[in-house]
>>> print(open('input-v3.txt').read())   # compact mmCIF, C-alpha atoms
# COMPACT_ATOMS: atom_id res chain seq x y z
CA MET A 282 201.67 -26.83 -31.71
CA ALA A 283 202.26 -23.10 -31.55
CA LEU A 284 199.39 -20.79 -30.65
CA VAL A 285 200.31 -18.23 -33.34
CA SER A 286 201.74 -18.77 -36.81
CA VAL A 287 203.38 -15.67 -38.28
CA VAL A 288 203.43 -15.74 -42.09
CA LEU A 289 206.18 -13.57 -43.54
CA PRO A 290 206.41 -13.43 -47.37
CA THR A 291 209.59 -12.05 -48.87
CA TYR A 292 210.98 -11.36 -52.32
CA ASP A 293 214.49 -9.98 -52.90
CA ARG A 294 214.67 -8.15 -49.58
CA ALA A 295 217.79 -9.71 -48.10
CA HIS A 296 218.95 -6.25 -46.98
CA THR A 297 215.98 -5.81 -44.60
CA LEU A 298 214.98 -9.41 -43.91
CA ARG A 299 217.28 -10.19 -40.99
CA ALA A 300 216.12 -7.28 -38.85
CA SER A 301 212.49 -8.04 -39.68
CA VAL A 302 212.72 -11.71 -38.71
CA GLU A 303 214.74 -10.98 -35.58
CA SER A 304 212.08 -8.51 -34.42
CA LEU A 305 209.58 -11.36 -34.55
CA LEU A 306 211.83 -13.92 -32.89
CA ALA A 307 212.29 -11.45 -30.01
CA GLN A 308 208.60 -11.63 -29.12
CA ARG A 309 207.76 -12.90 -25.65
CA ASP A 310 204.93 -14.36 -23.53
CA VAL A 311 203.27 -16.41 -26.29
CA ASP A 312 204.00 -19.68 -28.10
CA PHE A 313 204.55 -18.89 -31.78
CA GLU A 314 206.29 -19.90 -34.98
CA VAL A 315 207.63 -17.72 -37.79
CA LEU A 316 207.13 -19.11 -41.28
CA VAL A 317 209.14 -17.19 -43.89
CA VAL A 318 207.85 -17.80 -47.41
CA ASP A 319 210.61 -17.04 -49.89
CA ASP A 320 208.75 -16.06 -53.05
CA GLY A 321 211.50 -17.14 -55.45
CA SER A 322 214.09 -14.54 -54.39
CA ALA A 323 217.17 -14.16 -56.57
CA ASP A 324 219.29 -12.21 -54.06
CA ASP A 325 220.98 -13.35 -50.82
CA THR A 326 217.72 -14.18 -49.06
CA GLN A 327 218.56 -17.86 -48.58
CA THR A 328 221.97 -16.98 -47.12
CA VAL A 329 220.38 -14.59 -44.64
CA LEU A 330 217.80 -17.18 -43.60
CA ALA A 331 220.41 -19.93 -43.24
CA ALA A 332 222.26 -17.76 -40.72
CA LEU A 333 219.10 -17.24 -38.66
CA ARG A 334 219.01 -20.60 -36.93
CA HIS A 335 216.17 -20.63 -34.44
CA PRO A 336 213.73 -23.33 -33.26
CA ARG A 337 210.74 -21.07 -33.94
CA LEU A 338 211.78 -20.31 -37.53
CA ARG A 339 210.69 -22.29 -40.59
CA VAL A 340 211.39 -21.45 -44.23
CA LEU A 341 209.25 -22.33 -47.23
CA ARG A 342 210.64 -21.62 -50.70
CA ILE A 343 208.19 -21.37 -53.60
CA ALA A 344 208.29 -20.23 -57.23
CA HIS A 345 207.74 -16.51 -57.62
CA GLY A 346 204.02 -15.80 -57.71
CA GLY A 347 203.48 -12.55 -55.85
CA VAL A 348 202.73 -11.57 -52.28
CA ALA A 349 199.17 -12.95 -52.18
CA ALA A 350 200.31 -16.37 -53.40
CA ALA A 351 203.14 -16.35 -50.85
CA ARG A 352 200.76 -15.50 -48.02
CA ASN A 353 198.35 -18.22 -49.13
CA ALA A 354 201.20 -20.75 -49.20
CA GLY A 355 202.19 -19.71 -45.69
CA ILE A 356 198.67 -20.07 -44.36
CA ALA A 357 198.39 -23.55 -45.89
CA ALA A 358 201.76 -24.65 -44.49
CA SER A 359 201.08 -23.38 -40.96
CA GLY A 360 198.83 -24.94 -38.38
CA ALA A 361 198.31 -22.63 -35.42
CA PRO A 362 194.76 -21.52 -34.53
CA ILE A 363 195.83 -17.84 -34.79
CA VAL A 364 197.51 -16.46 -37.90
CA ALA A 365 199.51 -13.24 -37.97
CA PHE A 366 201.22 -11.61 -40.92
CA HIS A 367 204.38 -9.58 -41.24
CA ASP A 368 206.28 -7.87 -44.04
CA SER A 369 209.96 -8.49 -44.67
CA ASP A 370 210.93 -4.82 -44.52
CA ASP A 371 209.02 -3.87 -41.37
CA LEU A 372 209.71 -4.37 -37.66
CA ALA A 373 207.52 -6.06 -35.09
CA LEU A 374 207.28 -4.11 -31.83
CA PRO A 375 207.20 -5.68 -28.35
CA GLY A 376 203.82 -7.27 -27.64
CA ARG A 377 203.03 -7.71 -31.34
CA LEU A 378 201.85 -11.29 -30.71
CA ALA A 379 201.19 -11.52 -26.98
CA VAL A 380 198.71 -8.61 -26.82
CA PRO A 381 196.29 -9.89 -29.49
CA ALA A 382 196.69 -13.52 -28.41
CA GLU A 383 195.67 -12.60 -24.87
CA PHE A 384 192.71 -10.59 -26.15
CA LEU A 385 191.48 -13.41 -28.37
CA ALA A 386 191.81 -15.90 -25.50
CA SER A 387 189.41 -13.84 -23.40
CA HIS A 388 187.02 -12.89 -26.23
CA PRO A 389 185.95 -16.04 -28.08
CA ASP A 390 183.42 -14.08 -30.16
CA ILE A 391 186.16 -11.97 -31.81
CA ASP A 392 187.98 -13.33 -34.88
CA LEU A 393 190.28 -10.45 -35.78
CA VAL A 394 192.42 -8.10 -33.71
CA ILE A 395 193.74 -4.99 -35.49
CA GLN A 396 196.48 -2.97 -33.80
CA ASN A 397 197.95 0.43 -34.54
CA GLY A 398 201.49 0.96 -35.74
CA HIS A 399 204.23 3.50 -36.43
CA MET A 400 204.88 4.83 -39.93
CA LEU A 401 208.58 5.58 -40.04
CA PRO A 402 209.84 8.72 -41.85
CA PRO A 403 210.15 8.24 -45.62
CA GLU A 404 213.59 6.95 -46.56
CA ASN A 405 214.14 9.92 -48.88
CA ASP A 406 213.18 12.43 -46.17
CA PRO A 407 215.54 12.11 -43.18
CA ALA A 408 213.95 15.17 -41.60
CA GLY A 409 210.49 13.62 -41.83
CA ARG A 410 208.38 12.66 -38.84
CA GLU A 411 207.26 9.31 -37.52
CA GLU A 412 203.47 9.11 -37.59
CA PRO A 413 200.86 6.70 -36.25
CA TRP A 414 199.18 4.52 -38.86
CA ILE A 415 195.79 5.45 -37.40
CA ARG A 416 195.57 9.04 -36.16
CA PRO A 417 194.63 9.52 -32.47
CA GLU A 418 191.25 11.11 -33.22
CA VAL A 419 190.28 8.13 -35.41
CA ALA A 420 191.82 5.54 -33.07
CA VAL A 421 189.63 6.78 -30.21
CA THR A 422 186.45 6.06 -32.15
CA LEU A 423 187.64 2.71 -33.49
CA ALA A 424 188.69 1.45 -30.07
CA ALA A 425 185.36 2.28 -28.47
CA ARG A 426 183.46 -0.78 -29.75
CA PRO A 427 183.70 -3.87 -32.00
CA ILE A 428 184.18 -2.86 -35.62
CA GLY A 429 183.06 -4.32 -38.93
CA VAL A 430 183.23 -3.85 -42.66
CA ALA A 431 182.00 -0.24 -42.53
CA GLU A 432 184.96 0.90 -40.43
CA VAL A 433 187.47 -1.14 -42.43
CA PHE A 434 186.12 0.33 -45.67
CA ARG A 435 186.02 3.90 -44.42
CA TRP A 436 189.51 3.96 -42.92
CA ASN A 437 191.24 1.49 -45.30
CA LEU A 438 192.32 -0.82 -42.48
CA GLY A 439 194.58 -3.12 -44.49
CA GLN A 440 197.95 -3.23 -42.72
CA LEU A 441 198.19 -6.97 -42.08
CA GLN A 442 201.41 -6.61 -40.05
CA GLY A 443 199.22 -5.20 -37.27
CA MET A 444 196.62 -7.98 -37.32
CA CYS A 445 195.94 -11.41 -35.86
CA PHE A 446 193.20 -13.62 -37.35
CA ARG A 447 191.60 -16.75 -36.05
CA ARG A 448 192.28 -19.43 -38.62
CA ARG A 449 188.58 -20.27 -38.80
CA ALA A 450 187.89 -16.80 -40.21
CA LEU A 451 190.55 -17.13 -42.91
CA GLU A 452 189.26 -20.56 -43.87
CA ALA A 453 185.70 -19.25 -44.06
CA VAL A 454 186.45 -16.42 -46.52
CA GLY A 455 188.99 -18.20 -48.73
CA PRO A 456 192.47 -17.26 -49.96
CA LEU A 457 193.95 -13.87 -50.66
CA ASP A 458 193.18 -12.58 -54.15
CA GLY A 459 196.32 -12.63 -56.29
CA SER A 460 194.76 -10.40 -58.94
CA PHE A 461 195.56 -7.41 -56.73
CA HIS A 462 199.12 -6.07 -56.88
CA ILE A 463 198.80 -3.92 -53.76
CA LEU A 464 195.43 -4.23 -52.04
CA ASP A 465 195.15 -7.99 -51.52
CA ASP A 466 195.53 -7.23 -47.81
CA LEU A 467 192.61 -4.78 -47.61
CA ASP A 468 190.50 -7.10 -49.75
CA LEU A 469 191.07 -9.89 -47.23
CA VAL A 470 190.18 -7.73 -44.22
CA LEU A 471 187.00 -6.49 -45.91
CA ARG A 472 185.90 -10.05 -46.68
CA VAL A 473 186.61 -11.22 -43.13
CA THR A 474 184.69 -8.34 -41.54
CA THR A 475 181.59 -8.87 -43.66
CA SER A 476 180.89 -11.96 -41.55
CA HIS A 477 183.22 -11.92 -38.53
CA ARG A 478 183.71 -9.54 -35.62
CA ALA A 479 186.84 -7.47 -35.19
CA VAL A 480 188.32 -5.06 -32.67
CA PHE A 481 190.89 -2.30 -32.90
CA LEU A 482 193.48 -1.91 -30.13
CA ASP A 483 195.34 1.38 -30.06
CA VAL A 484 198.57 -0.36 -29.15
CA PRO A 485 201.45 -0.12 -31.66
CA ALA A 486 202.40 -3.50 -33.13
CA PHE A 487 204.71 -2.62 -36.02
CA ALA A 488 207.07 -0.04 -37.48
CA TYR A 489 206.46 0.49 -41.19
CA ARG A 490 209.22 1.50 -43.60
CA ARG A 491 208.07 3.92 -46.29
CA HIS A 492 209.91 3.43 -49.57
CA PRO A 493 209.72 6.28 -52.11
CA SER A 494 210.04 3.88 -55.05
CA GLY A 495 207.70 1.15 -53.80
CA ILE A 496 204.66 0.10 -55.80
CA ALA A 497 202.39 1.76 -53.22
CA SER A 498 203.85 5.11 -54.30
CA ASN A 499 202.18 4.71 -57.70
CA ARG A 500 198.96 6.53 -56.88
CA GLY A 501 197.37 5.67 -60.21
CA VAL A 502 197.71 1.94 -59.57
CA VAL A 503 196.51 2.33 -55.99
CA ARG A 504 193.40 4.23 -57.12
CA GLU A 505 192.62 1.74 -59.86
CA GLU A 506 192.85 -1.14 -57.40
CA ALA A 507 190.80 0.73 -54.78
CA ILE A 508 188.00 1.21 -57.30
CA ARG A 509 188.08 -2.43 -58.37
CA LEU A 510 188.28 -3.63 -54.77
CA ALA A 511 185.15 -1.68 -53.77
CA ASP A 512 183.25 -2.89 -56.82
CA LYS A 513 184.27 -6.47 -56.02
CA LEU A 514 183.14 -6.10 -52.42
CA VAL A 515 179.59 -5.04 -53.28
CA ALA A 516 179.36 -7.54 -56.15
CA GLU A 517 180.22 -10.44 -53.83
CA HIS A 518 178.44 -9.03 -50.76
CA PRO A 519 175.61 -6.74 -51.93
CA GLU A 520 174.27 -6.68 -48.39
CA VAL A 521 177.14 -4.42 -47.31
CA LEU A 522 175.58 -1.54 -49.24
CA ASP A 523 172.97 -1.35 -46.49
CA VAL A 524 175.82 -0.89 -44.00
CA LEU A 525 177.96 1.45 -46.07
CA GLY A 526 175.03 3.47 -47.44
CA ARG A 527 174.27 3.26 -51.16
CA GLY A 528 174.57 6.99 -51.76
CA ALA A 529 177.75 7.29 -49.73
CA PHE A 530 179.29 4.36 -51.60
CA ARG A 531 178.53 5.88 -55.01
CA LYS A 532 179.97 9.25 -53.98
CA ARG A 533 183.14 7.64 -52.66
CA GLN A 534 183.60 5.70 -55.87
CA ALA A 535 182.99 8.89 -57.84
CA ARG A 536 185.71 10.69 -55.89
CA ARG A 537 188.13 7.87 -56.64
CA TRP A 538 187.36 8.02 -60.36
CA ALA A 539 187.80 11.80 -60.30
CA ARG A 540 191.18 11.52 -58.58
CA LEU A 541 192.23 8.87 -61.07
CA ALA A 542 191.22 11.27 -63.87
CA ILE A 543 193.51 13.94 -62.42
CA ALA A 544 196.39 11.46 -62.23
CA ARG A 545 195.84 10.34 -65.81
CA ALA A 546 195.70 13.96 -67.01
CA ARG A 547 198.99 14.68 -65.25
CA ASP A 548 200.47 11.65 -66.99
CA GLY A 549 199.43 13.15 -70.31
CA ASP A 550 196.76 10.54 -71.04
CA ALA A 551 193.80 12.81 -71.79
CA GLU A 552 191.59 10.01 -73.14
CA ALA A 553 192.00 7.89 -69.99
CA ALA A 554 191.30 11.02 -67.92
CA ARG A 555 188.06 11.64 -69.84
CA VAL A 556 186.93 8.05 -69.37
CA ALA A 557 187.63 8.16 -65.64
CA LEU A 558 185.87 11.47 -65.22
CA GLY A 559 182.91 10.15 -67.16
CA ARG A 560 182.61 7.34 -64.62
CA ALA A 561 182.70 9.88 -61.80
CA GLN A 562 179.93 11.92 -63.43
CA ARG A 563 177.70 8.88 -63.89
CA LEU A 564 178.11 7.91 -60.26
CA ASP A 565 177.52 11.45 -58.93
CA PRO A 566 175.77 13.44 -61.68
CA ALA A 567 174.87 16.36 -59.42
CA ASN A 568 178.50 17.15 -58.60
CA LEU A 569 179.35 20.44 -60.33
CA ARG A 570 183.10 19.95 -59.93
CA TYR A 571 183.07 16.88 -62.15
CA ARG A 572 181.20 18.78 -64.86
CA LEU A 573 183.74 21.62 -64.73
CA ARG A 574 186.67 19.21 -64.87
CA ALA A 575 185.12 17.48 -67.89
CA LEU A 576 184.73 20.85 -69.60
CA TRP A 577 188.32 21.72 -68.79
CA LEU A 578 189.51 18.45 -70.33
CA ARG A 579 187.57 19.13 -73.51
CA LEU A 580 188.99 22.65 -73.81
CA ARG A 581 192.63 21.83 -73.02
CA PRO A 582 194.96 23.23 -75.67
CA GLY A 583 196.29 20.65 -78.07
CA GLU A 584 193.66 18.06 -77.19
>>> encode(input="input-v3.txt", output="structure tokens")
Amino acid sequence: MALVSVVLPTYDRAHTLRASVESLLAQRDVDFEVLVVDDGSADDTQTVLAALRHPRLRVLRIAHGGVAAARNAGIAASGAPIVAFHDSDDLALPGRLAVPAEFLASHPDIDLVIQNGHMLPPENDPAGREEPWIRPEVAVTLAARPIGVAEVFRWNLGQLQGMCFRRRALEAVGPLDGSFHILDDLDLVLRVTTSHRAVFLDVPAFAYRRHPSGIASNRGVVREEAIRLADKLVAEHPEVLDVLGRGAFRKRQARRWARLAIARARDGDAEAARVALGRAQRLDPANLRYRLRALWLRLRPGE
């Protein structure tokens, strides 16, 4: 049996899939398998996969159900004691699997290894710069000690293509939540780190393609899911409020509601903006900016 199972969900990404899978198959110094879960693709995905004959590669085809369902199917179909994830449009860098596998072998008390990565220039900005996923000044603090839910929550550590989990941790917290369109990954990491220890290694594990038209570019949807994710976390694990700080949590949620209000106002939905800003005011009633924004919304011409 392989030491690491890499679960790679894909949906209609035949144009990027080959390079992504090949970057995984090029990994060295660890026994692994790559399980591609085809989430009901209607493009040339099956043709691409058929051409990638390799003893480490397995393909599972399922009815289209979304990325969380595909990841859950991959976890269930794999058997290695360490589970890694990858996205079908990103690239795995050398050491993506060997570095965390070696760390986990020598640290039996750690259940999750999180590595840094490279964010490639946006596809619509050829003059853009490559950037680290986690900035150097933040990476220094994260790498100094074991980390938990507080660090994951503060820095939104949800890029699964830079992580390796012990299977026991995934089995303990349950499947990925398919009700999230974007943040099922961060939800999983938060749930794991409420009860299991993690570390951050400032070693790049992946290169991330930034698509201007991807769902993550919809800031309104991202903010809505971030609010719901945080509320879900404290509802299921109220003890984390003692770690996060009750006041700090309320202020952070208020900021998210206020930013959502701005996005809704820009979209021309004044009523949704008022509702969102009202939530921000209730969470942080002493914040003068929220009061002024509410007044501005009430006095907007034509409203």
>>> atom_distance(input="input-v3.txt", atom1="CA of Leu401 (chain A)", atom2="CA of Arg490 (chain A)")
5.5 Å
>>> closest_atom_pairs(input="input-v3.txt", of="region 322-351 of chain A", to="region 291-300 of chain A", cutoff="10 Å", atoms="only C-alpha atoms", output="tab-separated table")
residue	atom	partner	partner_atom	distance
A:Ser322	CA	A:Asp293	CA	4.8
A:Ala323	CA	A:Asp293	CA	6.2
A:Asp324	CA	A:Asp293	CA	5.4
A:Asp325	CA	A:Ala295	CA	5.6
A:Thr326	CA	A:Ala295	CA	4.6
A:Gln327	CA	A:Ala295	CA	8.2
A:Thr328	CA	A:Ala295	CA	8.4
A:Val329	CA	A:Arg299	CA	6.5
A:Leu330	CA	A:Arg299	CA	7.5
A:Ala332	CA	A:Arg299	CA	9.1
A:Leu333	CA	A:Arg299	CA	7.6
A:Arg342	CA	A:Thr291	CA	9.8
A:His345	CA	A:Tyr292	CA	8.1
A:Gly346	CA	A:Tyr292	CA	9.9
A:Gly347	CA	A:Tyr292	CA	8.4
A:Val348	CA	A:Thr291	CA	7.7
A:Ala351	CA	A:Thr291	CA	8.0
>>> residues_around(input="input-v3.txt", residues="region 370-373 of chain A", least_positions_apart="5", cutoff="6 Å", atoms="only C-alpha atoms", output="ChimeraX atom specification")
/A:297,301,304-305,487-490
>>> write_last_selection(input="input-v3.txt", atoms="C-alpha atoms", output="PDB file, in the coordinates of the input")
ATOM      1  CA  THR A 297     215.980  -5.810 -44.600  1.00  0.00           C
ATOM      2  CA  SER A 301     212.490  -8.040 -39.680  1.00  0.00           C
ATOM      3  CA  SER A 304     212.080  -8.510 -34.420  1.00  0.00           C
ATOM      4  CA  LEU A 305     209.580 -11.360 -34.550  1.00  0.00           C
ATOM      5  CA  PHE A 487     204.710  -2.620 -36.020  1.00  0.00           C
ATOM      6  CA  ALA A 488     207.070  -0.040 -37.480  1.00  0.00           C
ATOM      7  CA  TYR A 489     206.460   0.490 -41.190  1.00  0.00           C
ATOM      8  CA  ARG A 490     209.220   1.500 -43.600  1.00  0.00           C
TER       9      ARG A 490
END
>>> closest_residue(input="input-v3.txt", among="A:Asp392, A:Leu374, A:Arg504, A:Gln562", to="Leu576 (chain A)", atoms="all atoms listed in the file")
A:Gln562
>>> atom_distance(input="input-v3.txt", atom1="CA of Asp312 (chain A)", atom2="CA of Gly376 (chain A)")
12.4 Å
>>> residues_around(input="input-v3.txt", residues="region 407-414 of chain A", least_positions_apart="2", cutoff="9 Å", atoms="all atoms listed in the file", output="PDB file with C-alpha atoms, in the frame of the given file")
ATOM      1  CA  ASN A 397     197.950   0.430 -34.540  1.00  0.00           C
ATOM      2  CA  GLY A 398     201.490   0.960 -35.740  1.00  0.00           C
ATOM      3  CA  HIS A 399     204.230   3.500 -36.430  1.00  0.00           C
ATOM      4  CA  MET A 400     204.880   4.830 -39.930  1.00  0.00           C
ATOM      5  CA  LEU A 401     208.580   5.580 -40.040  1.00  0.00           C
ATOM      6  CA  PRO A 402     209.840   8.720 -41.850  1.00  0.00           C
ATOM      7  CA  PRO A 403     210.150   8.240 -45.620  1.00  0.00           C
ATOM      8  CA  GLU A 404     213.590   6.950 -46.560  1.00  0.00           C
ATOM      9  CA  ASN A 405     214.140   9.920 -48.880  1.00  0.00           C
ATOM     10  CA  ARG A 416     195.570   9.040 -36.160  1.00  0.00           C
ATOM     11  CA  PRO A 417     194.630   9.520 -32.470  1.00  0.00           C
ATOM     12  CA  GLN A 440     197.950  -3.230 -42.720  1.00  0.00           C
ATOM     13  CA  PRO A 485     201.450  -0.120 -31.660  1.00  0.00           C
ATOM     14  CA  TYR A 489     206.460   0.490 -41.190  1.00  0.00           C
TER      15      TYR A 489
END
>>> axis_aligned_box(input="input-v3.txt", around="region 359-376 of chain A", padding_each_side="5 Å", output="lines of an AutoDock Vina configuration file")
center_x = 202.8
center_y = -14.4
center_z = -36.2
size_x = 26.2
size_y = 31.1
size_z = 27.0
>>> atom_distance(input="input-v3.txt", atom1="CA of Val302 (chain A)", atom2="CA of Leu471 (chain A)")
27.2 Å
>>> closest_residue(input="input-v3.txt", among="A:Arg339, A:Arg309, A:Lys532, A:His388", to="Ala358 (chain A)", atoms="only C-alpha atoms")
A:Arg339
>>> closest_residue(input="input-v3.txt", among="A:Arg531, A:Arg352, A:Arg472, A:Lys513", to="Phe366 (chain A)", atoms="only C-alpha atoms")
A:Arg352
>>> closest_residue(input="input-v3.txt", among="A:His462, A:Arg533, A:Arg478, A:Arg448", to="Arg426 (chain A)", atoms="all atoms listed in the file")
A:Arg478
>>> decode(input="input-v3.txt", residues="region 298-314 of chain A", atoms="C-alpha atoms", output="mmCIF file, in the first residue's frame")
data_model
loop_
_atom_site.group_PDB
_atom_site.id
_atom_site.type_symbol
_atom_site.label_atom_id
_atom_site.label_comp_id
_atom_site.auth_asym_id
_atom_site.auth_seq_id
_atom_site.Cartn_x
_atom_site.Cartn_y
_atom_site.Cartn_z
ATOM 1 C CA LEU A 298 -5.256 18.434 -16.193
ATOM 2 C CA ARG A 299 -2.321 16.750 -17.918
ATOM 3 C CA ALA A 300 0.295 19.159 -16.579
ATOM 4 C CA SER A 301 -1.233 18.988 -13.112
ATOM 5 C CA VAL A 302 -1.206 15.183 -12.948
ATOM 6 C CA GLU A 303 2.273 14.942 -14.451
ATOM 7 C CA SER A 304 3.608 17.308 -11.781
ATOM 8 C CA LEU A 305 2.384 14.833 -9.175
ATOM 9 C CA LEU A 306 3.665 11.740 -10.961
ATOM 10 C CA ALA A 307 7.109 13.392 -11.074
ATOM 11 C CA GLN A 308 7.365 13.370 -7.273
ATOM 12 C CA ARG A 309 10.233 11.386 -5.787
ATOM 13 C CA ASP A 310 11.462 9.748 -2.555
ATOM 14 C CA VAL A 311 8.060 8.602 -1.266
ATOM 15 C CA ASP A 312 5.612 5.803 -2.107
ATOM 16 C CA PHE A 313 2.379 7.403 -3.315
ATOM 17 C CA GLU A 314 -0.678 7.024 -5.512
#
